[in-house]
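The structure appears right after this line, and notes come after that.
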Amino acid sequence: NEASMTLKAKFKPGSTSKAIFKNTNLDLRRYKKLQMFVSAQDLLDRTNSQVDNGTKLFIRLGSDYTDNYYEYEIPVKYTPQSASTESAIWPDENFIDLTTDLFTDAKKQRDLESFSTLQRYAFAFDQQNPNKAVYVKGRPTLGNVSSMMIGVRNTSGASNKEVLLWVNELRLSEIDNDGGYAAAANVQFNLGDFANVQLSGSTSSVGFGAIDQGPAGRNQDESLQYALNAEVKLDKFLPKKWGMEVPFNFTIQESFVDPKYNPLDNDIIFNEAP
């Protein structure tokens with residue numbers, strides 16, 4: 001469902017940011033895109049239609065708001081009061097259309113550089129527009145997003161500002177809908193009156209799920225299980241005249257799990273972990 005929100009921020013010299021937040025419980029790993037429409041107005045100059053590199057919109061996702069989060073930041077382009085077309089009211093410069101891989105790429109690059117997780121790491125992903133940036137701090141994960149924040153930041157120093165923001169239709173798109181497979185088998189046979197053998201096994205792959213499950217509920221790992229049980233009458237090797245019964249039972253069971261994501265950092269693919 002489409003939803004909009006307004007955010008009015010008044011900055012005095014020395015003030016930095018204003019934001020709103022929401023507690024949630026989301027797994028974003030299967031979604032490839034995060035999108036949102038943004039419109040901004042300069043309330044001190046309602047004719048302003050410029051891009052303001054000193055006023056930036058940000059979206060923060062993580063397990064908390066200060067120590068473990070991803071953040072995406074872009075400068076805002078103002079819409080003048082006289083604007084009447086859709087492209088002027090919702091300019092492309094303000095449209096947020098980012099791949100969620102940017103967040104995990106930033107974290108992997110930070111870890112490769114051995115940058116402190118206690119500090120805010122800046123990842124400049126767009127060389128043509130260095131004012132766009134992704135930040136990461138702590139150990140956030142897209143697999144467990146419990147907090148979301150949208151805000152505006154004043155980075156221009158001492159100037160007074162008064163900004164009105166409209167944010168519209170924050171949404172996730174391009175879900176990973178790749179399916180998987182699963183199989184199970186059970187075999188039981190006799191070797192005459194010497195042995196009774198039972199063998200069972202099952203396997204499932206990443207992406208497998210029940211018919212009534214959505215993509216978010218499907219397997220995130222590959223698994224393999226097998227079990228072997230054999231009941232053997234060893235007395236068949238002995239002379240019958242001894243009158244002995246020597247039953248022998250052998251059982252073995254094993255399970256193997258190959259996770260798609262690193263268990264210690266569950267939005268990083270296991271084979272891509274630094």
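Numbering starts fresh at 1 for the residues of each chain in the structure tokens, the chains themselves are lettered A, B, ... in the order given, and ligands are numbered from 1 as they appear.
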
| said: Please list as a list in words every residue within 12 Å of Ile211 (chain A), counting only C-alpha atoms and excluding residues in the same chain fewer than 4 positions away. | reply: Gly179, Gly180, Gly207, Pro215, Gly217 and Arg218 of chain A

| request: Please identify all polymer residues within 9 Å of region 71-76 of chain A, counting only C-alpha atoms, omitting same-chain residues fewer than 5 positions from it, and present them as a list of chain:residue names. | output: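 Near neighbours after the sequence-gap exclusion: A:Val38, A:Ser39, A:Ala40, A:Gln50, A:Val51, A:Asp52, A:Asn53, A:Gly54, A:Thr55, A:Lys56, A:Leu57, A:Phe58, A:Ile59, A:Arg60, A:Leu61, A:Gly62, A:Glu93, A:Asn94, A:Ile96, A:Leu98, A:Phe103, A:Asn131, A:Lys132, A:Ala133, A:Val134, A:Tyr135, A:Val136, A:Lys137.
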
| field | Residue with smallest distance to Leu28 (chain A) - pool A:Gln119, A:Gln213, A:Thr85, A:Thr141, counting only C-alpha atoms | value |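 Smallest distance to Leu28 (chain A) is found for A:Thr141.
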
| note | Between A:Ala195, A:Ala182, A:Ala19, A:Met149, smallest distance to Ser223 (chain A) by only C-alpha atoms belongs to A:Ala182

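Residue nearest Glu222 (chain A), chosen from A:Arg153, A:Lys260, A:Lys236, A:Arg29 and counting only C-alpha atoms: A:Lys260.
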
| Residues within 9 Å of Pro247 (chain A), only C-alpha atoms, excluding chain neighbours under 6 positions, as a ChimeraX atom specification | /A:231-235

Write a file of the selected residues as an mmCIF file, in the first residue's frame, keeping C-alpha atoms.
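The result, stored in result-v6.cif:
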```cif
data_model
loop_
_atom_site.group_PDB
_atom_site.id
_atom_site.type_symbol
_atom_site.label_atom_id
_atom_site.label_comp_id
_atom_site.auth_asym_id
_atom_site.auth_seq_id
_atom_site.Cartn_x
_atom_site.Cartn_y
_atom_site.Cartn_z
ATOM 1 C CA GLU A 231 20.560 -56.203 12.010
ATOM 2 C CA VAL A 232 22.945 -59.100 11.377
ATOM 3 C CA LYS A 233 22.858 -62.662 12.680
ATOM 4 C CA LEU A 234 26.530 -63.493 13.100
ATOM 5 C CA ASP A 235 25.697 -66.968 14.307
#
```

| request: Please provide as number ranges by chain all residues within 12 Å of Leu142 (chain A), with the sequence filter that same-chain residues fewer than 6 positions apart are discarded (counting only C-alpha atoms). | output: A: 25-32, 34, 60-63, 68-71, 100-104, 107, 136, 148, 261, 265-269

| task | Figure out the distance between CA of Leu170 (chain A) and CA of Met36 (chain A), please, to one decimal in Å. | result |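 A separation of 4.4 Å between them.
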
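Remark: for Leu44 (chain A), the closest of the candidate residues A:Pro80, A:Gly192, A:Pro140, A:Pro13 is A:Pro80 (distances computed over only C-alpha atoms).
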
| Counting only C-alpha atoms, what is within 12 Å of Ser204 (chain A), bar same-chain residues fewer than 2 positions away, as an NGL selection string? | :A and (179-184 or 201-202 or 206-210 or 218-225 or 255-259)

| Do you have the CA of Ile150 (chain A)-CA of Ile20 (chain A) distance handy? |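 Going from CA of Ile150 (chain A) over to CA of Ile20 (chain A) covers 5.6 Å.
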
| task | Compile the contact shell of Asn186 (chain A) as a ChimeraX atom specification: residues with an atom at most 7 Å away, counting only C-alpha atoms, same-chain residues fewer than 2 positions apart removed. | result | /A:188,199-201

When you look at Ala3 (chain A) with a cut-off of 10 Å (counting only C-alpha atoms), what residues show up, excluding the ones that are within fewer than 6 positions of it in the same chain? I need them as a PDB file with N, CA, C and O atoms, in the first residue's frame.
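Saved file result-v2.pdb follows:
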```pdb
ATOM      1  N   VAL A 167       8.300  12.166   1.850  1.00  0.00           N
ATOM      2  CA  VAL A 167       8.830  10.854   1.462  1.00  0.00           C
ATOM      3  C   VAL A 167       7.636   9.954   1.155  1.00  0.00           C
ATOM      4  O   VAL A 167       6.667   9.901   1.902  1.00  0.00           O
ATOM      5  N   ASN A 168       7.725   9.258   0.043  1.00  0.00           N
ATOM      6  CA  ASN A 168       6.556   8.560  -0.484  1.00  0.00           C
ATOM      7  C   ASN A 168       6.921   7.154  -0.938  1.00  0.00           C
ATOM      8  O   ASN A 168       7.900   6.959  -1.668  1.00  0.00           O
ATOM      9  N   GLU A 169       6.136   6.186  -0.499  1.00  0.00           N
ATOM     10  CA  GLU A 169       6.174   4.812  -1.003  1.00  0.00           C
ATOM     11  C   GLU A 169       7.553   4.169  -0.855  1.00  0.00           C
ATOM     12  O   GLU A 169       8.178   3.740  -1.824  1.00  0.00           O
ATOM     13  N   LEU A 170       8.037   4.085   0.372  1.00  0.00           N
ATOM     14  CA  LEU A 170       9.236   3.298   0.650  1.00  0.00           C
ATOM     15  C   LEU A 170       8.907   1.829   0.414  1.00  0.00           C
ATOM     16  O   LEU A 170       7.970   1.289   1.001  1.00  0.00           O
ATOM     17  N   ARG A 171       9.666   1.189  -0.457  1.00  0.00           N
ATOM     18  CA  ARG A 171       9.315  -0.189  -0.819  1.00  0.00           C
ATOM     19  C   ARG A 171      10.552  -1.010  -1.179  1.00  0.00           C
ATOM     20  O   ARG A 171      11.594  -0.465  -1.548  1.00  0.00           O
TER      21      ARG A 171
END
```

| request: Using CA of Leu165 (chain A) and CA of Thr79 (chain A) as the two end points, give the distance in Å to one decimal. | output: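 Interatomic distance, CA of Leu165 (chain A) to CA of Thr79 (chain A): 10.0 Å.
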